[in-house]
Amino acid sequence: MLSCTLRFLAPSAIAVLLLCAGLPCRAFSQSADNSERAQKEEQAARKFDEFEELRGQCDLGARLDNLAIQLQAEPGSKGFIIVYSGKYNLPERVSYYRKYMGDYLVNSRGIDAERLVILDGGHRQVLTTQLWIAAKGASAPEPIDTIDVKQELDRAFKFEEYQMYLTDNSEQFSEETETVDEAEAEAVAGEVPAEQPVEAQEETAEAHAQPEEAQPEETQEASAESKELEEAFESNVWWASKEYARALEVEAKAGGLIIFYADREYADFSRMKEIVERGKTRLIEKYGVKAERLTMTFGGYRESAAVELWLVPANASLPLPTPDPEKQEKTNEQAKADGQAN
């Protein structure tokens, strides 16, 4: 019927008819394409942030904070974190890194754990972290640009770095305090010299068994002060963690190196050295790290005191400390006094 109609129309009229007839079809096709494209975009996760190498706690925290804010602004969305291990990253270190980010978002920023997915992306040349957001019903992002790498264990790996904000009382530990602690420990243990007669030993043991309220007031005060100082000091060695001990256990051929930095003011060399020695003891006694696998060294001065935890494979060179140059000016006498804490 249409062909018969077209036979009686002028060529120009035919062109107009065909043009008018085609426009609605083309418009409909474009509308369908746009709708399909929009639907695909809604169903695809979008990359929120990407960064390379390990980040300090402040920078990493700020990036995770931004992700948390966006997730809270989009109630139905999910957050995805893809971590690509680098050529020089020990597996346990990257595992701890992923776990840390998840714990931070859930425990510090209140993100529901079910709204958060952390993926092992495989390997890239350097450690890379991607933060993604996916709307409800959207598919999860997939790792891209991965490479096959041979793990090279010929260099040291920084497990973590911590800024030290010390409690107020730990500097009060002194020889006098330690003497009180030692005397108190002997009293509690009930140690009695062997040359004492049996009657004297029984009297001494009975005195030690007296209730706490019967002890002299001075002894009670010394005990309470000692306990308070002990707790203050322990609060400064939280960095000597189970995670670091676990990393040393997994990376059995790596040793542990603790580099500490003082700030010349509140956390001076002597105080930091004593704290790090206590942290080292904690790793040994509480978490079972062998003493011969731990080394500590003084790295110099920084604006803020800090502790770095390193994993050093057997064939790797020790990492070089990174003090702040402007904080390094000191007299030869100070340098000799500081020295190295091995």
# chains A, B, ... in the order shown; residues from 1 in each chain; ligands from 1

call {"tool": "closest_atom_pairs", "arguments": {"of": "segment 46-126 of chain A", "to": "segment 243-267 of chain A", "cutoff": "12 Å", "atoms": "only C-alpha atoms", "output": "CSV"}}
result
residue,atom,partner,partner_atom,distance
A:Asn89,CA,A:Glu251,CA,11.7
A:Leu90,CA,A:Glu251,CA,8.0
A:Pro91,CA,A:Glu251,CA,8.6
A:Glu92,CA,A:Ala247,CA,5.6
A:Arg93,CA,A:Ala247,CA,6.9
A:Val94,CA,A:Ala247,CA,10.2
A:Ser95,CA,A:Ala247,CA,9.5
A:Tyr96,CA,A:Glu243,CA,7.2
A:Tyr97,CA,A:Glu243,CA,10.4
A:Lys99,CA,A:Glu243,CA,10.3
A:Tyr100,CA,A:Glu243,CA,10.2

call {"tool": "select_by_dssp", "arguments": {"residues": "segment 41-124 of chain A", "states": "helix (DSSP H, G or I)", "output": "MDAnalysis selection string"}}
result
chainID A and resid 41:43 57:73 91:108 113:115

call {"tool": "write_last_selection", "arguments": {"atoms": "N, CA and C atoms", "output": "tab-separated table (two decimals), in the first residue's frame"}}
result
chain	number	residue	atom	x	y	z
A	41	GLU	N	25.38	1.91	34.44
A	41	GLU	CA	26.16	2.73	35.36
A	41	GLU	C	25.70	2.54	36.79
A	42	GLU	N	24.39	2.41	37.00
A	42	GLU	CA	23.86	2.19	38.34
A	42	GLU	C	24.27	0.84	38.89
A	43	GLN	N	24.44	-0.13	37.99
A	43	GLN	CA	24.76	-1.48	38.41
A	43	GLN	C	26.27	-1.70	38.57
A	57	GLN	N	49.38	6.64	59.39
A	57	GLN	CA	48.07	6.51	60.02
A	57	GLN	C	47.17	7.73	59.76
A	58	CYS	N	47.76	8.92	59.76
A	58	CYS	CA	46.95	10.12	59.55
A	58	CYS	C	46.37	10.16	58.14
A	59	ASP	N	47.23	9.94	57.15
A	59	ASP	CA	46.78	9.99	55.75
A	59	ASP	C	45.80	8.87	55.45
A	60	LEU	N	46.14	7.66	55.88
A	60	LEU	CA	45.24	6.53	55.63
A	60	LEU	C	43.91	6.74	56.34
A	61	GLY	N	43.96	7.22	57.58
A	61	GLY	CA	42.73	7.47	58.32
A	61	GLY	C	41.84	8.49	57.62
A	62	ALA	N	42.45	9.55	57.05
A	62	ALA	CA	41.67	10.58	56.35
A	62	ALA	C	40.98	10.01	55.12
A	63	ARG	N	41.68	9.15	54.39
A	63	ARG	CA	41.08	8.55	53.19
A	63	ARG	C	39.93	7.60	53.56
A	64	LEU	N	40.13	6.83	54.62
A	64	LEU	CA	39.07	5.93	55.06
A	64	LEU	C	37.89	6.71	55.64
A	65	ASP	N	38.18	7.83	56.28
A	65	ASP	CA	37.11	8.69	56.79
A	65	ASP	C	36.22	9.18	55.65
A	66	ASN	N	36.85	9.58	54.55
A	66	ASN	CA	36.08	10.05	53.39
A	66	ASN	C	35.19	8.95	52.84
A	67	LEU	N	35.72	7.73	52.80
A	67	LEU	CA	34.91	6.60	52.34
A	67	LEU	C	33.73	6.37	53.27
A	68	ALA	N	33.98	6.42	54.57
A	68	ALA	CA	32.91	6.21	55.54
A	68	ALA	C	31.82	7.26	55.41
A	69	ILE	N	32.21	8.51	55.22
A	69	ILE	CA	31.23	9.60	55.06
A	69	ILE	C	30.35	9.34	53.85
A	70	GLN	N	30.96	8.90	52.74
A	70	GLN	CA	30.19	8.66	51.54
A	70	GLN	C	29.25	7.46	51.70
A	71	LEU	N	29.72	6.44	52.37
A	71	LEU	CA	28.86	5.28	52.62
A	71	LEU	C	27.67	5.65	53.50
A	72	GLN	N	27.89	6.52	54.46
A	72	GLN	CA	26.79	6.97	55.32
A	72	GLN	C	25.80	7.83	54.54
A	73	ALA	N	26.31	8.52	53.52
A	73	ALA	CA	25.42	9.36	52.69
A	73	ALA	C	24.62	8.53	51.70
A	91	PRO	N	53.72	-11.03	52.62
A	91	PRO	CA	52.29	-11.39	52.66
A	91	PRO	C	51.62	-11.05	53.99
A	92	GLU	N	52.29	-11.33	55.09
A	92	GLU	CA	51.68	-11.07	56.39
A	92	GLU	C	51.48	-9.59	56.63
A	93	ARG	N	52.39	-8.78	56.11
A	93	ARG	CA	52.25	-7.33	56.26
A	93	ARG	C	51.01	-6.83	55.53
A	94	VAL	N	50.79	-7.32	54.31
A	94	VAL	CA	49.63	-6.89	53.54
A	94	VAL	C	48.34	-7.41	54.19
A	95	SER	N	48.40	-8.61	54.73
A	95	SER	CA	47.24	-9.17	55.42
A	95	SER	C	46.86	-8.30	56.61
A	96	TYR	N	47.85	-7.88	57.38
A	96	TYR	CA	47.60	-7.00	58.52
A	96	TYR	C	47.05	-5.66	58.05
A	97	TYR	N	47.57	-5.15	56.95
A	97	TYR	CA	47.12	-3.87	56.38
A	97	TYR	C	45.64	-3.93	56.02
A	98	ARG	N	45.23	-5.02	55.37
A	98	ARG	CA	43.81	-5.17	55.02
A	98	ARG	C	42.94	-5.24	56.27
A	99	LYS	N	43.40	-6.02	57.23
A	99	LYS	CA	42.64	-6.18	58.47
A	99	LYS	C	42.52	-4.85	59.22
A	100	TYR	N	43.59	-4.09	59.22
A	100	TYR	CA	43.57	-2.80	59.91
A	100	TYR	C	42.51	-1.87	59.33
A	101	MET	N	42.43	-1.80	58.00
A	101	MET	CA	41.46	-0.92	57.37
A	101	MET	C	40.02	-1.34	57.69
A	102	GLY	N	39.79	-2.65	57.67
A	102	GLY	CA	38.46	-3.13	58.01
A	102	GLY	C	38.09	-2.82	59.45
A	103	ASP	N	39.02	-3.06	60.37
A	103	ASP	CA	38.77	-2.78	61.78
A	103	ASP	C	38.51	-1.28	62.00
A	104	TYR	N	39.25	-0.45	61.30
A	104	TYR	CA	39.09	1.00	61.48
A	104	TYR	C	37.70	1.45	61.05
A	105	LEU	N	37.28	1.01	59.88
A	105	LEU	CA	35.97	1.44	59.37
A	105	LEU	C	34.82	0.92	60.22
A	106	VAL	N	34.94	-0.31	60.70
A	106	VAL	CA	33.86	-0.89	61.49
A	106	VAL	C	33.87	-0.38	62.92
A	107	ASN	N	35.03	-0.41	63.57
A	107	ASN	CA	35.09	-0.10	65.00
A	107	ASN	C	35.25	1.39	65.29
A	108	SER	N	35.93	2.13	64.41
A	108	SER	CA	36.14	3.56	64.67
A	108	SER	C	35.13	4.44	63.95
A	113	ALA	N	29.68	-4.05	59.23
A	113	ALA	CA	30.63	-4.98	58.60
A	113	ALA	C	30.05	-5.63	57.34
A	114	GLU	N	28.71	-5.79	57.30
A	114	GLU	CA	28.09	-6.40	56.12
A	114	GLU	C	28.10	-5.47	54.91
A	115	ARG	N	28.40	-4.20	55.14
A	115	ARG	CA	28.45	-3.25	54.03
A	115	ARG	C	29.88	-3.04	53.53

call {"tool": "residues_around", "arguments": {"residues": "Val126 of chain A", "least_positions_apart": "4", "cutoff": "7 Å", "atoms": "only C-alpha atoms", "output": "list in words"}}
result
Glu52, Glu53, Ser85, Gly86 and Lys87 of chain A

call {"tool": "closest_residue", "arguments": {"among": "A:Asn315, A:Val149, A:Asn236, A:Asp120", "to": "Arg282 of chain A", "atoms": "only C-alpha atoms"}}
result
A:Asn236
